[in-house]
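Participant: Here it is, the structure, as structure tokens.
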Amino acid sequence: MELWMGNDSQAIAEQAADRIEEFIRRKPDAVLGLATGSTPLATYRELIRRYRLGRIDFSQVRTFNLDEYYGLSPDHPQSYHNYMYEHLFRHINIEKQNIHIPSGTAPDVEAYCREYEETIAACGGIDLQLLGIGVNGHIGFNEPAEELEPGTHFVKLSDETIAANSRFFASLEEVPRYAITMGMSTIMSARKILLLAEGEGKAQIIRQMFDSGITTGIPASFLRLHHDVTVLVDRQAGRYLMNGREGAGAR
């Protein structure tokens with residue numbers, strides 16, 4: 001894994017946007033895997049800014065989101081459908097038919113998850129996957145477990161994840177307990193991966209991701225097996241990493 005360390009969230013956003021912009025320039029119909037949460041927000045703002053400057057054309061880009069809360073309709077204020085349109089899609093020239101976000105209301109969940117995987121495959125797979133990381137090491141909603149699911153699947157969220165996500169809801173009780181998420185094999189099949197982390201709260205798990213063994217107890221540790229992963233951190237999230245670690249950048 002390559003490590004890139006910047007001073008703050010804006011530095012991370014600019015670096016991530018640089019890489020996404022270059023990828024789309026080389027492949028205008030790129031398939032992007034997208035993440036939600038607080039960490040990617042600055043990156044999405046930077047992509048919008050560059051689109052408005054005429055630097056990025058999203059008209060042929062196709063996207064697949066990592067996950068969605070199960071039980072929330074697309075118009076729910078805390079659904080990831082609403083998040084993506086509010087923070088990115090309605091501000092750029094992406095075609096609606098090229099946007100794919102897991103359904104939080106699918107009646108036949110198993111059939112829906114198979115269909116989501118088939119749609120990804122029909123698009124040729126994910127070219128560039130944007131990721132965040134949970135404080136317990138989850139990526140997407142792949143929670144620490146004895147076994148990890150390979151494909152898109154229905155998952156019960158851990159108490160730790162529910163507590164961490166409660167900041168987006170009026171109360172802990174309102175946080176959904178289940179989600180649909182891409183699986184580890186789907187994520188690892190992406191041709192290029194960018195993982196973003198910021199803040200002191202992510203410092204411990206970032207150190208563990210780099211320095212622990214590869215374990216289902218830290219799903220993000222599997223990224224070490226991928227051939228093209230760049231981890232973009234600010235100085236707080238990267239505080240425990242050794243200076244001079246191979247591949248590290250600075251800004």
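Numbering starts fresh at 1 for the residues of each chain in the structure tokens, the chains themselves are lettered A, B, ... in the order given, and ligands are numbered from 1 as they appear.
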Among stretch 45-121 of chain A, which residues carry a DSSP assignment of strand (DSSP E or B), reported as a list of chain:residue names?

Facilitator: A:Arg62, A:Thr63, A:Phe64, A:Asn65, A:Asp67, A:Glu68, A:Tyr69, A:Ile99, A:His100

Participant: For stretch 49-92 of chain A versus stretch 131-135 of chain A, which residues have an atom no more than 12 Å away, and what is each residue's nearest atom pair and distance in Å rounded to one decimal, using only C-alpha atoms, chain-then-number order, as JSON lines?

Facilitator:
{"residue": "A:Asn65", "atom": "CA", "partner": "A:Leu131", "partner_atom": "CA", "distance": 10.1}
{"residue": "A:Leu66", "atom": "CA", "partner": "A:Leu131", "partner_atom": "CA", "distance": 8.4}
{"residue": "A:Asp67", "atom": "CA", "partner": "A:Leu131", "partner_atom": "CA", "distance": 11.1}

Participant: Write out as JSON lines a residue-level contact list of stretch 110-195 of chain A versus stretch 231-234 of chain A with cut-off 9 Å: for each qualifying residue the closest pair of atoms and the distance in Å to one decimal, counting only C-alpha atoms, rows sorted by chain and residue number upward.

Facilitator:
{"residue": "A:Ile193", "atom": "CA", "partner": "A:Val231", "partner_atom": "CA", "distance": 8.4}
{"residue": "A:Leu194", "atom": "CA", "partner": "A:Val231", "partner_atom": "CA", "distance": 6.0}
{"residue": "A:Leu195", "atom": "CA", "partner": "A:Val231", "partner_atom": "CA", "distance": 4.8}

Participant: Output the selection as an mmCIF file, in the first residue's frame - C-alpha atoms for each residue.

Facilitator:
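Full text of part37.cif as output:
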data_model
loop_
_atom_site.group_PDB
_atom_site.id
_atom_site.type_symbol
_atom_site.label_atom_id
_atom_site.label_comp_id
_atom_site.auth_asym_id
_atom_site.auth_seq_id
_atom_site.Cartn_x
_atom_site.Cartn_y
_atom_site.Cartn_z
ATOM 1 C CA ILE A 193 -8.426 1.865 -4.496
ATOM 2 C CA LEU A 194 -8.184 5.166 -2.609
ATOM 3 C CA LEU A 195 -8.792 4.998 1.147
#

Participant: Show which residues sit within 7 Å of stretch 41-51 of chain A, as a PyMOL selection string. Count only C-alpha atoms, and ignore same-chain residues fewer than 6 positions away.

Facilitator: chain A and resi 9-10+13-14+16-17+57+87-88+91-92

Participant: For those residues, write C-alpha atoms to a file as a compact mmCIF listing (two decimals), in the first residue's frame.

Facilitator:
# COMPACT_ATOMS: atom_id res chain seq x y z
CA SER A 9 -8.87 17.28 5.09
CA GLN A 10 -8.58 19.78 2.24
CA ALA A 13 -9.48 16.11 -0.86
CA GLU A 14 -7.25 17.80 -3.41
CA ALA A 16 -7.91 12.38 -4.06
CA ALA A 17 -9.54 14.67 -6.63
CA ASP A 57 -16.73 15.75 -17.47
CA HIS A 87 -23.37 16.22 -1.86
CA LEU A 88 -22.39 15.25 -5.40
CA HIS A 91 -24.15 19.31 -8.79
CA ILE A 92 -22.45 17.52 -11.72

Participant: If you count only C-alpha atoms, which residues fall within 9 Å of A:Ser189, apart from same-chain ones fewer than 4 positions away, as an NGL selection string?

Facilitator: :A and (125-127 or 184-185 or 226)

Participant: From the list A:Gly137, A:Thr152, A:Ala11, A:Cys123, which residue is nearest A:Ser212 when using only C-alpha atoms?

Facilitator: A:Gly137

Participant: Check the DSSP output for the backbone and give back, as a ChimeraX atom specification, the residues of stretch 16-180 of chain A in helix (DSSP H, G or I).

Facilitator: /A:16-26,41-52,80-87,89-91,96-98,109-122,159-168,172-174

Participant: Write out, as a CSV table (one decimal), in the first residue's frame, the residues just selected, with C-alpha atoms.

Facilitator:
chain,number,residue,atom,x,y,z
A,16,ALA,CA,-7.9,12.4,-4.1
A,17,ALA,CA,-9.5,14.7,-6.6
A,18,ASP,CA,-6.3,14.9,-8.6
A,19,ARG,CA,-6.2,11.1,-8.9
A,20,ILE,CA,-9.9,10.8,-9.8
A,21,GLU,CA,-9.7,13.7,-12.3
A,22,GLU,CA,-6.7,12.1,-14.0
A,23,PHE,CA,-8.4,8.7,-14.1
A,24,ILE,CA,-11.5,10.2,-15.8
A,25,ARG,CA,-9.4,12.1,-18.2
A,26,ARG,CA,-7.8,8.9,-19.3
A,41,LEU,CA,-17.4,15.2,1.8
A,42,ALA,CA,-14.4,17.5,1.1
A,43,THR,CA,-13.4,15.3,-1.9
A,44,TYR,CA,-16.9,15.6,-3.3
A,45,ARG,CA,-16.8,19.4,-2.9
A,46,GLU,CA,-13.5,19.5,-4.7
A,47,LEU,CA,-14.8,17.4,-7.6
A,48,ILE,CA,-17.8,19.7,-7.9
A,49,ARG,CA,-15.5,22.7,-7.9
A,50,ARG,CA,-13.4,21.2,-10.7
A,51,TYR,CA,-16.5,20.2,-12.7
A,52,ARG,CA,-17.7,23.9,-12.5
A,80,TYR,CA,-27.2,7.3,1.3
A,81,HIS,CA,-29.3,8.0,-1.8
A,82,ASN,CA,-30.1,11.4,-0.4
A,83,TYR,CA,-26.5,11.9,0.7
A,84,MET,CA,-25.1,11.3,-2.7
A,85,TYR,CA,-27.5,13.5,-4.6
A,86,GLU,CA,-27.2,16.3,-2.0
A,87,HIS,CA,-23.4,16.2,-1.9
A,89,PHE,CA,-24.8,14.0,-8.1
A,90,ARG,CA,-27.1,17.0,-8.4
A,91,HIS,CA,-24.1,19.3,-8.8
A,96,LYS,CA,-29.1,9.3,-13.8
A,97,GLN,CA,-29.1,5.9,-15.5
A,98,ASN,CA,-25.4,5.7,-14.7
A,109,VAL,CA,-32.7,-8.9,-0.5
A,110,GLU,CA,-30.8,-11.9,-1.7
A,111,ALA,CA,-32.0,-11.6,-5.2
A,112,TYR,CA,-31.3,-7.8,-5.2
A,113,CYS,CA,-27.7,-8.4,-4.0
A,114,ARG,CA,-27.1,-10.8,-6.8
A,115,GLU,CA,-28.6,-8.3,-9.3
A,116,TYR,CA,-26.3,-5.6,-7.9
A,117,GLU,CA,-23.3,-7.8,-8.5
A,118,GLU,CA,-24.4,-8.6,-12.0
A,119,THR,CA,-24.8,-5.0,-12.8
A,120,ILE,CA,-21.3,-4.2,-11.7
A,121,ALA,CA,-20.0,-7.1,-13.8
A,122,ALA,CA,-22.0,-5.9,-16.8
A,159,ASP,CA,-22.9,-1.8,18.1
A,160,GLU,CA,-19.7,0.1,17.5
A,161,THR,CA,-20.8,1.2,14.0
A,162,ILE,CA,-24.3,2.1,15.2
A,163,ALA,CA,-22.8,4.3,17.9
A,164,ALA,CA,-20.4,5.9,15.5
A,165,ASN,CA,-23.1,6.7,13.0
A,166,SER,CA,-25.6,8.0,15.6
A,167,ARG,CA,-24.1,11.5,15.1
A,168,PHE,CA,-26.0,11.7,11.8
A,172,LEU,CA,-29.2,6.3,18.8
A,173,GLU,CA,-32.5,4.5,18.5
A,174,GLU,CA,-33.1,6.0,15.0

Participant: Residues at most 10 Å from A:Pro150, counting only C-alpha atoms, excluding those fewer than 4 positions away in the same chain, as a compact mmCIF listing (two decimals) with C-alpha atoms, in the first residue's frame?

Facilitator:
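And here's selection-v2.txt as it stands now:
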# COMPACT_ATOMS: atom_id res chain seq x y z
CA ASN A 142 -18.08 -5.21 6.16
CA MET A 182 -20.61 -4.57 -1.27
CA GLY A 183 -18.55 -7.50 -0.03
CA MET A 184 -14.80 -7.77 0.32
CA SER A 185 -14.27 -9.58 -2.97
CA THR A 186 -16.24 -6.91 -4.82
CA ILE A 187 -14.17 -4.16 -3.22
CA MET A 188 -10.89 -5.98 -3.79

Participant: Let me make sure I understand: among A:Phe141, A:His153, A:Tyr70, A:Pro28, which one has the smallest atom-to-atom distance to A:Pro107 if we use only C-alpha atoms?

Facilitator: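 Looking at the shortest contact to A:Pro107, the residue is A:Tyr70.
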
Participant: Kindly give the distance, in Å, that separates atom CA of A:Gln236 and atom CA of A:Leu128, rounded to a single decimal.

Facilitator: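 Result for atom CA of A:Gln236 versus atom CA of A:Leu128: 25.4 Å, one decimal.
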
Participant: What separation in Å, quoted to one decimal, exists between atom CA of A:Gly217 and atom CA of A:Ala145?

Facilitator: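 For atom CA of A:Gly217 relative to atom CA of A:Ala145, the distance reads 5.7 Å.
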
Participant: By how many Å are atom CA of A:Thr216 and atom CA of A:Leu148 apart?

Facilitator: 6.5 Å

Participant: Restricting the calculation to only C-alpha atoms, which member of A:Trp4, A:Phe169, A:Phe210, A:Phe222 is positioned closest to A:Ser79?

Facilitator: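 Looking only at the distances to A:Ser79, the closest residue turns out to be A:Phe169.
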